[in-house]
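Trainee: Below is one structure. I have some questions about it.
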Amino acid sequence: MSLIRGISEGDGLPMAGWQEAEPVYSDKQLVIRQTIPPDGLSCRGVIDVSNVDSVAATLASHLDGDSDVHIDLSQVEFCDVSGIRALVSISGHLTDGRRLVLHGLPPLLAKVMTLVGWGDLPTLQICDCREDS
Amino acid sequence: MSEPALQMDAAYRHDALLYQGLQDFVHRTVSFIRNGIDAGEPVLVATTAAHIAALHSELGPDAGEVRFADMAEVGSNPARIIPYWMDFIAQAGGRPVRGIGEPIWAGRSPAELVECQRHESLLNAAIEMSTSMWLLCPYDTSALPRDVIEEARRSHPFVTEGATRRESGAYRPGLEPTAAGVASLPQPPAQRREFAFGPADLGSVRGIAAAGAAEAGMTAARTHDLVLAAHEVATNSVRHGGGGGVLRVWREDGSLICEFRDGGRLDDPLADRRRPEASVAGRRGLWVANQLCDLVQIRSEPTGTAVRIHMRT
């Protein structure tokens, strides 16, 4: 059951136009896949304090390149504040005008990012593309 | 302005104003507001909608010089009021400011009332004594029970009564209103859900909170708010409260309540009402719970901590 966006089981599609490759990380509650295009990663499942360190390490190892890094969160059922913190922290590693671009961010998480003081960061961009449903 | 008055205005004042009914409220607050306007001080009035309307008509065009806020909105959860004042102080950029803050009115639920009283006590510690702020907290003696007025005398260093402003003889500078330990929370009813959780059970905690919200007929958006807040408070228990705790869920007085008890201790009574800064470090769980939930009750003592989050249903 999704506790954050009201979709049914997490077997939906990635963001329109995104191609998912093989998983680069998986545990019992989360799968992270590389996406081409765009250059980035898609997350499916639950990000919380129990796996956030692994998520952060996985994201950190996929920051190479010279363009923005795109993250598809449209299939994330739940992400807690530690998960948001990890995304914020990762974005702080980007330099030379590169940004972490979050796609399909659940509305609650967008609200929480503002509530906790991370609403306006130069290296973190929230794409206003909506999920299709 | 005379020299002593200037000196007195250079420091934080937290006063209770005892009044009787609407007309007296207007009569007693208008001169305070006008004096602030005349001195060029930013003035913020956070009170009930009825009081705002009455002040508007009494002040006439001068009302445009005053910022008004409906306390039922900005202070519905009283833990949001201190950050609200802190923002106001910061926006003034060091200029002296005046505020009227009326968090307590006759319609507050018992749990809200207790949290408003904690808020009033915490205000003495939350704002630096060197801050040039004069904050007036009106209490309606014709509508509020006597014990509420007595607590106002304990939580405010000064009380204005009749025409006189004087030090409150009953002022108690401690942070907590009387008997604020874990045991001060009323007992939950026998009909409740109870679940002991550990580090691997956060998903179950979310599921139990969601199930309680569903049974109570809560909307999806409020369910999501509750579930995230519950998860964050449970995460605090896992990380800082001895690895886990006990969750109890019940319905009471039109609210769904989730209580988390653990063996940890929260030393900072203002921890849940300091606005987080952009730096990544620092705990944000209790702050988030306060922004998402209708009421959050935190009680901590050496033997443990209890956190109750309330959502109206």
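By convention in this document, the chains of the structure tokens carry letters A, B, ... by their order, each chain's residues are numbered from 1, and ligands are numbered from 1 in the order they are shown.
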DSSP on the backbone: which residues in chain A end up as alpha helix (DSSP H)? Give the answer as number ranges by chain.

Mentor: A: 52-60, 81-91, 107-115

Trainee: Could you write those residues out with C-alpha atoms, as a PDB file, in the first residue's frame?

Mentor:
```pdb
ATOM      1  CA  VAL A  52      18.999   5.845   3.655  1.00  0.00           C
ATOM      2  CA  ASP A  53      22.746   5.333   4.067  1.00  0.00           C
ATOM      3  CA  SER A  54      22.747   2.830   1.179  1.00  0.00           C
ATOM      4  CA  VAL A  55      20.597   5.152  -0.915  1.00  0.00           C
ATOM      5  CA  ALA A  56      22.973   8.036  -0.274  1.00  0.00           C
ATOM      6  CA  ALA A  57      25.982   5.900  -1.204  1.00  0.00           C
ATOM      7  CA  THR A  58      24.294   4.699  -4.390  1.00  0.00           C
ATOM      8  CA  LEU A  59      23.371   8.221  -5.446  1.00  0.00           C
ATOM      9  CA  ALA A  60      26.837   9.507  -4.591  1.00  0.00           C
ATOM     10  CA  VAL A  81      12.905  13.324   6.327  1.00  0.00           C
ATOM     11  CA  SER A  82      16.197  11.403   6.446  1.00  0.00           C
ATOM     12  CA  GLY A  83      15.628  10.495   2.783  1.00  0.00           C
ATOM     13  CA  ILE A  84      15.034  14.117   1.874  1.00  0.00           C
ATOM     14  CA  ARG A  85      18.105  15.037   3.892  1.00  0.00           C
ATOM     15  CA  ALA A  86      20.150  12.552   1.823  1.00  0.00           C
ATOM     16  CA  LEU A  87      18.956  14.109  -1.436  1.00  0.00           C
ATOM     17  CA  VAL A  88      19.787  17.576  -0.135  1.00  0.00           C
ATOM     18  CA  SER A  89      23.195  16.426   1.050  1.00  0.00           C
ATOM     19  CA  ILE A  90      23.987  14.741  -2.279  1.00  0.00           C
ATOM     20  CA  SER A  91      22.992  17.845  -4.200  1.00  0.00           C
ATOM     21  CA  PRO A 107       3.352  16.735  -2.966  1.00  0.00           C
ATOM     22  CA  LEU A 108       3.858  15.988   0.736  1.00  0.00           C
ATOM     23  CA  LEU A 109       7.614  15.758   0.248  1.00  0.00           C
ATOM     24  CA  ALA A 110       7.698  19.042  -1.622  1.00  0.00           C
ATOM     25  CA  LYS A 111       5.801  20.584   1.286  1.00  0.00           C
ATOM     26  CA  VAL A 112       8.135  19.035   3.863  1.00  0.00           C
ATOM     27  CA  MET A 113      11.229  20.262   2.020  1.00  0.00           C
ATOM     28  CA  THR A 114       9.944  23.797   2.426  1.00  0.00           C
ATOM     29  CA  LEU A 115       8.915  23.222   6.046  1.00  0.00           C
TER      30      LEU A 115
END
```

Trainee: Which residues in segment 2-124 of chain A does DSSP call strand (DSSP E or B)? List them as a ChimeraX atom specification.

Mentor: /A:20-27,30-35,40-47,69-79,100-103,124

Trainee: Since we have the selection now, will you write its residues out, keeping N, CA and C atoms, as an mmCIF file, in the first residue's frame?

Mentor:
```
data_model
loop_
_atom_site.group_PDB
_atom_site.id
_atom_site.type_symbol
_atom_site.label_atom_id
_atom_site.label_comp_id
_atom_site.auth_asym_id
_atom_site.auth_seq_id
_atom_site.Cartn_x
_atom_site.Cartn_y
_atom_site.Cartn_z
ATOM 1 N N GLU A 20 14.424 2.809 -18.208
ATOM 2 C CA GLU A 20 15.092 2.268 -17.031
ATOM 3 C C GLU A 20 16.027 1.141 -17.419
ATOM 4 N N ALA A 21 17.202 1.109 -16.816
ATOM 5 C CA ALA A 21 18.155 0.028 -17.052
ATOM 6 C C ALA A 21 18.127 -0.929 -15.856
ATOM 7 N N GLU A 22 19.116 -1.751 -15.753
ATOM 8 C CA GLU A 22 19.172 -2.733 -14.674
ATOM 9 C C GLU A 22 19.314 -2.040 -13.320
ATOM 10 N N PRO A 23 18.842 -2.706 -12.256
ATOM 11 C CA PRO A 23 18.993 -2.105 -10.927
ATOM 12 C C PRO A 23 20.459 -1.898 -10.563
ATOM 13 N N VAL A 24 20.728 -0.775 -9.921
ATOM 14 C CA VAL A 24 22.056 -0.553 -9.352
ATOM 15 C C VAL A 24 22.029 -0.746 -7.843
ATOM 16 N N TYR A 25 20.813 -0.848 -7.305
ATOM 17 C CA TYR A 25 20.675 -1.104 -5.867
ATOM 18 C C TYR A 25 19.305 -1.700 -5.634
ATOM 19 N N SER A 26 19.246 -2.670 -4.732
ATOM 20 C CA SER A 26 17.923 -3.120 -4.311
ATOM 21 C C SER A 26 17.989 -3.693 -2.903
ATOM 22 N N ASP A 27 16.926 -3.469 -2.155
ATOM 23 C CA ASP A 27 16.758 -4.139 -0.869
ATOM 24 C C ASP A 27 15.291 -4.525 -0.771
ATOM 25 N N LEU A 30 13.161 -1.269 -1.588
ATOM 26 C CA LEU A 30 13.527 -0.235 -2.572
ATOM 27 C C LEU A 30 14.340 -0.823 -3.714
ATOM 28 N N VAL A 31 14.059 -0.338 -4.938
ATOM 29 C CA VAL A 31 14.897 -0.637 -6.096
ATOM 30 C C VAL A 31 15.308 0.686 -6.720
ATOM 31 N N ILE A 32 16.621 0.814 -6.992
ATOM 32 C CA ILE A 32 17.115 1.992 -7.706
ATOM 33 C C ILE A 32 17.687 1.530 -9.045
ATOM 34 N N ARG A 33 17.215 2.157 -10.119
ATOM 35 C CA ARG A 33 17.702 1.814 -11.458
ATOM 36 C C ARG A 33 18.353 3.034 -12.095
ATOM 37 N N GLN A 34 19.352 2.726 -12.952
ATOM 38 C CA GLN A 34 19.913 3.790 -13.755
ATOM 39 C C GLN A 34 18.928 4.122 -14.873
ATOM 40 N N THR A 35 18.879 5.354 -15.310
ATOM 41 C CA THR A 35 17.986 5.736 -16.404
ATOM 42 C C THR A 35 18.784 6.427 -17.488
ATOM 43 N N GLY A 40 20.463 9.635 -15.093
ATOM 44 C CA GLY A 40 19.994 9.711 -13.721
ATOM 45 C C GLY A 40 19.601 8.366 -13.169
ATOM 46 N N LEU A 41 18.712 8.406 -12.178
ATOM 47 C CA LEU A 41 18.300 7.215 -11.456
ATOM 48 C C LEU A 41 16.805 7.293 -11.187
ATOM 49 N N SER A 42 16.182 6.121 -11.130
ATOM 50 C CA SER A 42 14.787 6.088 -10.687
ATOM 51 C C SER A 42 14.707 5.261 -9.411
ATOM 52 N N CYS A 43 13.878 5.726 -8.485
ATOM 53 C CA CYS A 43 13.704 5.038 -7.217
ATOM 54 C C CYS A 43 12.278 4.505 -7.137
ATOM 55 N N ARG A 44 12.146 3.275 -6.659
ATOM 56 C CA ARG A 44 10.833 2.651 -6.559
ATOM 57 C C ARG A 44 10.736 1.952 -5.218
ATOM 58 N N GLY A 45 9.793 2.388 -4.364
ATOM 59 C CA GLY A 45 9.621 1.727 -3.079
ATOM 60 C C GLY A 45 9.681 2.718 -1.933
ATOM 61 N N VAL A 46 10.382 2.318 -0.881
ATOM 62 C CA VAL A 46 10.390 3.093 0.362
ATOM 63 C C VAL A 46 11.817 3.518 0.699
ATOM 64 N N ILE A 47 12.001 4.805 0.941
ATOM 65 C CA ILE A 47 13.279 5.328 1.435
ATOM 66 C C ILE A 47 13.042 5.817 2.857
ATOM 67 N N VAL A 69 21.886 15.907 -12.788
ATOM 68 C CA VAL A 69 21.543 14.529 -12.436
ATOM 69 C C VAL A 69 20.042 14.473 -12.149
ATOM 70 N N HIS A 70 19.356 13.598 -12.826
ATOM 71 C CA HIS A 70 17.898 13.530 -12.702
ATOM 72 C C HIS A 70 17.481 12.323 -11.869
ATOM 73 N N ILE A 71 16.575 12.546 -10.933
ATOM 74 C CA ILE A 71 16.082 11.458 -10.090
ATOM 75 C C ILE A 71 14.570 11.359 -10.259
ATOM 76 N N ASP A 72 14.107 10.185 -10.637
ATOM 77 C CA ASP A 72 12.665 9.948 -10.756
ATOM 78 C C ASP A 72 12.160 9.380 -9.429
ATOM 79 N N LEU A 73 11.339 10.146 -8.750
ATOM 80 C CA LEU A 73 10.769 9.705 -7.468
ATOM 81 C C LEU A 73 9.288 9.389 -7.600
ATOM 82 N N SER A 74 8.809 9.282 -8.850
ATOM 83 C CA SER A 74 7.361 9.141 -9.040
ATOM 84 C C SER A 74 6.847 7.787 -8.537
ATOM 85 N N GLN A 75 7.736 6.810 -8.374
ATOM 86 C CA GLN A 75 7.297 5.506 -7.875
ATOM 87 C C GLN A 75 7.712 5.277 -6.414
ATOM 88 N N VAL A 76 8.052 6.352 -5.731
ATOM 89 C CA VAL A 76 8.399 6.229 -4.309
ATOM 90 C C VAL A 76 7.112 6.237 -3.491
ATOM 91 N N GLU A 77 6.917 5.169 -2.729
ATOM 92 C CA GLU A 77 5.699 5.070 -1.919
ATOM 93 C C GLU A 77 5.809 5.900 -0.650
ATOM 94 N N PHE A 78 7.015 5.921 -0.099
ATOM 95 C CA PHE A 78 7.224 6.688 1.132
ATOM 96 C C PHE A 78 8.681 7.116 1.197
ATOM 97 N N CYS A 79 8.897 8.354 1.584
ATOM 98 C CA CYS A 79 10.266 8.856 1.802
ATOM 99 C C CYS A 79 10.215 9.729 3.039
ATOM 100 N N LEU A 100 20.921 18.675 -8.945
ATOM 101 C CA LEU A 100 20.130 17.455 -8.776
ATOM 102 C C LEU A 100 18.686 17.850 -9.066
ATOM 103 N N VAL A 101 18.081 17.192 -10.068
ATOM 104 C CA VAL A 101 16.722 17.551 -10.467
ATOM 105 C C VAL A 101 15.783 16.427 -10.044
ATOM 106 N N LEU A 102 14.828 16.752 -9.183
ATOM 107 C CA LEU A 102 13.893 15.749 -8.682
ATOM 108 C C LEU A 102 12.610 15.782 -9.509
ATOM 109 N N HIS A 103 12.243 14.613 -10.027
ATOM 110 C CA HIS A 103 11.028 14.514 -10.839
ATOM 111 C C HIS A 103 9.995 13.671 -10.094
ATOM 112 N N LEU A 124 19.582 22.122 -5.976
ATOM 113 C CA LEU A 124 18.473 21.170 -5.956
ATOM 114 C C LEU A 124 17.278 21.792 -6.658
#
```

Trainee: Which residue is closest to Phe195 of chain B? Choose from B:Cys258, B:His224, B:Thr160, B:Arg98 and count only C-alpha atoms.

Mentor: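 Under the stated criterion, the closest residue is B:Cys258.
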
Trainee: Up to 9 Å from chain A, what residues of chain B turn up? Count only C-alpha atoms and give them as a PyMOL selection string.

Mentor: chain B and resi 199-200+202+206-207+210+220-221+223-225+227-228+231-232+235+275-281+284-285+287-288+291-292

Trainee: Store the residues of this selection in a file with N, CA and C atoms, as a PDB file, in the first residue's frame.

Mentor:
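The new file result-v3.pdb reads:
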```pdb
ATOM      1  N   PRO B 199      13.692  -1.153  15.606  1.00  0.00           N
ATOM      2  CA  PRO B 199      14.229  -0.566  14.365  1.00  0.00           C
ATOM      3  C   PRO B 199      13.632  -1.156  13.092  1.00  0.00           C
ATOM      4  N   ALA B 200      13.187  -2.411  13.133  1.00  0.00           N
ATOM      5  CA  ALA B 200      12.675  -3.038  11.910  1.00  0.00           C
ATOM      6  C   ALA B 200      11.181  -2.813  11.718  1.00  0.00           C
ATOM      7  N   LEU B 202       9.340   0.180  11.516  1.00  0.00           N
ATOM      8  CA  LEU B 202       8.820   1.494  11.133  1.00  0.00           C
ATOM      9  C   LEU B 202       7.701   1.380  10.098  1.00  0.00           C
ATOM     10  N   ARG B 206       3.928   2.916  10.434  1.00  0.00           N
ATOM     11  CA  ARG B 206       3.219   3.693   9.414  1.00  0.00           C
ATOM     12  C   ARG B 206       1.878   3.050   9.083  1.00  0.00           C
ATOM     13  N   GLY B 207       1.879   1.728   8.995  1.00  0.00           N
ATOM     14  CA  GLY B 207       0.638   1.019   8.673  1.00  0.00           C
ATOM     15  C   GLY B 207      -0.416   1.197   9.750  1.00  0.00           C
ATOM     16  N   ALA B 210      -1.774   4.680   9.553  1.00  0.00           N
ATOM     17  CA  ALA B 210      -2.652   4.815   8.382  1.00  0.00           C
ATOM     18  C   ALA B 210      -3.991   4.122   8.628  1.00  0.00           C
ATOM     19  N   ALA B 220      -7.101  11.784   2.524  1.00  0.00           N
ATOM     20  CA  ALA B 220      -5.807  11.231   2.114  1.00  0.00           C
ATOM     21  C   ALA B 220      -4.671  12.170   2.500  1.00  0.00           C
ATOM     22  N   ALA B 221      -4.853  13.462   2.261  1.00  0.00           N
ATOM     23  CA  ALA B 221      -3.750  14.406   2.530  1.00  0.00           C
ATOM     24  C   ALA B 221      -3.412  14.419   4.016  1.00  0.00           C
ATOM     25  N   THR B 223      -4.061  12.055   6.144  1.00  0.00           N
ATOM     26  CA  THR B 223      -3.494  10.745   6.472  1.00  0.00           C
ATOM     27  C   THR B 223      -1.991  10.731   6.187  1.00  0.00           C
ATOM     28  N   HIS B 224      -1.612  11.261   5.032  1.00  0.00           N
ATOM     29  CA  HIS B 224      -0.186  11.298   4.691  1.00  0.00           C
ATOM     30  C   HIS B 224       0.602  12.137   5.684  1.00  0.00           C
ATOM     31  N   ASP B 225       0.026  13.276   6.083  1.00  0.00           N
ATOM     32  CA  ASP B 225       0.681  14.119   7.083  1.00  0.00           C
ATOM     33  C   ASP B 225       0.893  13.345   8.380  1.00  0.00           C
ATOM     34  N   VAL B 227       0.908  10.073   8.863  1.00  0.00           N
ATOM     35  CA  VAL B 227       1.812   8.927   8.711  1.00  0.00           C
ATOM     36  C   VAL B 227       3.270   9.390   8.740  1.00  0.00           C
ATOM     37  N   LEU B 228       3.561  10.483   8.061  1.00  0.00           N
ATOM     38  CA  LEU B 228       4.944  10.977   8.076  1.00  0.00           C
ATOM     39  C   LEU B 228       5.348  11.432   9.478  1.00  0.00           C
ATOM     40  N   HIS B 231       5.918   8.414  11.629  1.00  0.00           N
ATOM     41  CA  HIS B 231       7.186   7.788  11.261  1.00  0.00           C
ATOM     42  C   HIS B 231       8.366   8.550  11.856  1.00  0.00           C
ATOM     43  N   GLU B 232       8.324   9.869  11.785  1.00  0.00           N
ATOM     44  CA  GLU B 232       9.445  10.676  12.280  1.00  0.00           C
ATOM     45  C   GLU B 232       9.589  10.559  13.802  1.00  0.00           C
ATOM     46  N   THR B 235      10.928   7.195  14.531  1.00  0.00           N
ATOM     47  CA  THR B 235      12.358   7.172  14.181  1.00  0.00           C
ATOM     48  C   THR B 235      13.198   7.790  15.291  1.00  0.00           C
ATOM     49  N   ARG B 275      13.014  26.793  14.253  1.00  0.00           N
ATOM     50  CA  ARG B 275      12.931  26.621  12.796  1.00  0.00           C
ATOM     51  C   ARG B 275      14.254  26.074  12.272  1.00  0.00           C
ATOM     52  N   PRO B 276      14.214  24.943  11.538  1.00  0.00           N
ATOM     53  CA  PRO B 276      15.475  24.379  11.043  1.00  0.00           C
ATOM     54  C   PRO B 276      16.126  25.311  10.033  1.00  0.00           C
ATOM     55  N   GLU B 277      17.436  25.323  10.028  1.00  0.00           N
ATOM     56  CA  GLU B 277      18.153  26.097   9.037  1.00  0.00           C
ATOM     57  C   GLU B 277      18.518  25.188   7.880  1.00  0.00           C
ATOM     58  N   ALA B 278      19.025  25.792   6.822  1.00  0.00           N
ATOM     59  CA  ALA B 278      19.233  25.019   5.602  1.00  0.00           C
ATOM     60  C   ALA B 278      20.346  23.986   5.743  1.00  0.00           C
ATOM     61  N   SER B 279      21.234  24.156   6.721  1.00  0.00           N
ATOM     62  CA  SER B 279      22.307  23.172   6.862  1.00  0.00           C
ATOM     63  C   SER B 279      21.701  21.798   7.098  1.00  0.00           C
ATOM     64  N   VAL B 280      22.423  20.787   6.654  1.00  0.00           N
ATOM     65  CA  VAL B 280      21.836  19.455   6.635  1.00  0.00           C
ATOM     66  C   VAL B 280      21.711  18.871   8.033  1.00  0.00           C
ATOM     67  N   ALA B 281      22.633  19.272   8.916  1.00  0.00           N
ATOM     68  CA  ALA B 281      22.654  18.652  10.237  1.00  0.00           C
ATOM     69  C   ALA B 281      21.426  19.037  11.057  1.00  0.00           C
ATOM     70  N   ARG B 284      14.972  17.105  12.771  1.00  0.00           N
ATOM     71  CA  ARG B 284      13.835  17.846  12.265  1.00  0.00           C
ATOM     72  C   ARG B 284      12.511  17.143  12.523  1.00  0.00           C
ATOM     73  N   GLY B 285      12.541  15.957  13.101  1.00  0.00           N
ATOM     74  CA  GLY B 285      11.334  15.152  13.230  1.00  0.00           C
ATOM     75  C   GLY B 285      10.234  15.847  14.010  1.00  0.00           C
ATOM     76  N   TRP B 287       9.938  19.043  14.729  1.00  0.00           N
ATOM     77  CA  TRP B 287       9.509  20.248  14.003  1.00  0.00           C
ATOM     78  C   TRP B 287       8.475  19.869  12.937  1.00  0.00           C
ATOM     79  N   VAL B 288       8.812  18.834  12.162  1.00  0.00           N
ATOM     80  CA  VAL B 288       7.898  18.400  11.098  1.00  0.00           C
ATOM     81  C   VAL B 288       6.557  17.980  11.693  1.00  0.00           C
ATOM     82  N   GLN B 291       4.450  20.915  12.393  1.00  0.00           N
ATOM     83  CA  GLN B 291       3.906  21.609  11.222  1.00  0.00           C
ATOM     84  C   GLN B 291       2.806  20.794  10.555  1.00  0.00           C
ATOM     85  N   LEU B 292       2.844  19.474  10.703  1.00  0.00           N
ATOM     86  CA  LEU B 292       1.883  18.629   9.997  1.00  0.00           C
ATOM     87  C   LEU B 292       0.673  18.267  10.839  1.00  0.00           C
TER      88      LEU B 292
END
```

Trainee: If we count only C-alpha atoms, what is near Ala234 of chain B at a cut-off of 9 Å, once residues fewer than 6 positions away on the same chain are taken out, given as a list of chain:residue names?

Mentor: B:Phe197, B:Gly198, B:Leu202, B:Val205, B:Gly244, B:Gly245, B:Val246, B:Leu247, B:Phe260, B:Arg261

Trainee: Could the residues in this selection be saved with N, CA and C atoms as a JSON list (two decimals), in the first residue's frame?

Mentor:
```json
[["chain", "number", "residue", "atom", "x", "y", "z"],
["B", 197, "PHE", "N", 7.50, -1.31, 19.20],
["B", 197, "PHE", "CA", 8.24, -1.26, 17.94],
["B", 197, "PHE", "C", 9.74, -1.16, 18.18],
["B", 198, "GLY", "N", 10.47, -1.70, 17.21],
["B", 198, "GLY", "CA", 11.93, -1.60, 17.20],
["B", 198, "GLY", "C", 12.38, -1.08, 15.86],
["B", 202, "LEU", "N", 9.34, 0.18, 11.52],
["B", 202, "LEU", "CA", 8.82, 1.49, 11.13],
["B", 202, "LEU", "C", 7.70, 1.38, 10.10],
["B", 205, "VAL", "N", 4.64, 0.71, 12.00],
["B", 205, "VAL", "CA", 4.17, 1.95, 12.65],
["B", 205, "VAL", "C", 3.39, 2.79, 11.65],
["B", 244, "GLY", "N", 13.78, 1.89, 20.30],
["B", 244, "GLY", "CA", 12.37, 1.61, 20.00],
["B", 244, "GLY", "C", 11.49, 2.18, 21.08],
["B", 245, "GLY", "N", 10.25, 1.76, 21.07],
["B", 245, "GLY", "CA", 9.31, 2.28, 22.05],
["B", 245, "GLY", "C", 7.96, 1.59, 21.93],
["B", 246, "VAL", "N", 6.96, 2.21, 22.53],
["B", 246, "VAL", "CA", 5.60, 1.66, 22.46],
["B", 246, "VAL", "C", 4.70, 2.70, 21.81],
["B", 247, "LEU", "N", 3.97, 2.24, 20.79],
["B", 247, "LEU", "CA", 2.99, 3.09, 20.12],
["B", 247, "LEU", "C", 1.60, 2.74, 20.63],
["B", 260, "PHE", "N", 3.79, 7.91, 21.44],
["B", 260, "PHE", "CA", 5.05, 7.17, 21.38],
["B", 260, "PHE", "C", 5.76, 7.35, 22.71],
["B", 261, "ARG", "N", 6.04, 6.23, 23.37],
["B", 261, "ARG", "CA", 6.81, 6.29, 24.62],
["B", 261, "ARG", "C", 8.11, 5.55, 24.43]]
```

Trainee: Have a look at B:Arg273, B:His51, B:Arg299, B:Arg67 and name the one nearest to Leu185 of chain B; count only C-alpha atoms.

Mentor: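 Selected residue with least distance to Leu185 of chain B: B:Arg299.
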
Trainee: Would you mind listing what lies within 6 Å of segment 126-137 of chain B as a ChimeraX atom specification, with only C-alpha atoms counted and same-chain residues fewer than 4 positions away left out?

Mentor: /B:10-17,96-102,122

Trainee: Quick one, how far is atom CA of Ala229 of chain B from atom CA of Cys293 of chain B?

Mentor: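 Taking atom CA of Ala229 of chain B as the start and atom CA of Cys293 of chain B as the end point, the length is 7.4 Å.
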
Trainee: What's the 6 Å shell around Asp70 of chain B, counting only C-alpha atoms, without same-chain residues fewer than 4 positions away, as an NGL selection string?

Mentor: :B and (46-49)

Trainee: If you measure from atom CA of Gly242 of chain B to atom CA of Leu226 of chain B, what distance in Å do you get, rounded to one decimal?

Mentor: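 Separating atom CA of Gly242 of chain B from atom CA of Leu226 of chain B is a distance of 23.1 Å.
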
Trainee: Need to verify the contact set: His240 of chain B, 10 Å, only C-alpha atoms, exclusion of same-chain residues closer than 5 positions in sequence. Can you return it as a list in words?

Mentor: Ala234, Thr235, Asp262, Gly263, Gly264, Arg265 and Leu266 of chain B

Trainee: Could you write out the selected residues, including N, CA and C atoms, as a CSV table (one decimal), in the first residue's frame?

Mentor:
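Wrote it out as part.csv, contents follow:
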```csv
chain,number,residue,atom,x,y,z
B,234,ALA,N,8.5,8.0,15.7
B,234,ALA,CA,9.0,6.7,15.9
B,234,ALA,C,10.5,6.5,15.6
B,235,THR,N,10.9,7.2,14.5
B,235,THR,CA,12.4,7.2,14.2
B,235,THR,C,13.2,7.8,15.3
B,262,ASP,N,9.2,6.2,24.9
B,262,ASP,CA,10.5,5.5,24.8
B,262,ASP,C,11.3,5.8,26.0
B,263,GLY,N,12.5,5.2,26.1
B,263,GLY,CA,13.4,5.4,27.3
B,263,GLY,C,14.4,6.6,27.1
B,264,GLY,N,14.2,7.4,26.1
B,264,GLY,CA,15.1,8.5,25.9
B,264,GLY,C,14.7,9.7,26.7
B,265,ARG,N,15.6,10.7,26.6
B,265,ARG,CA,15.3,12.0,27.3
B,265,ARG,C,15.6,13.1,26.3
B,266,LEU,N,14.6,14.0,26.3
B,266,LEU,CA,14.8,15.2,25.4
B,266,LEU,C,15.1,16.4,26.4
```
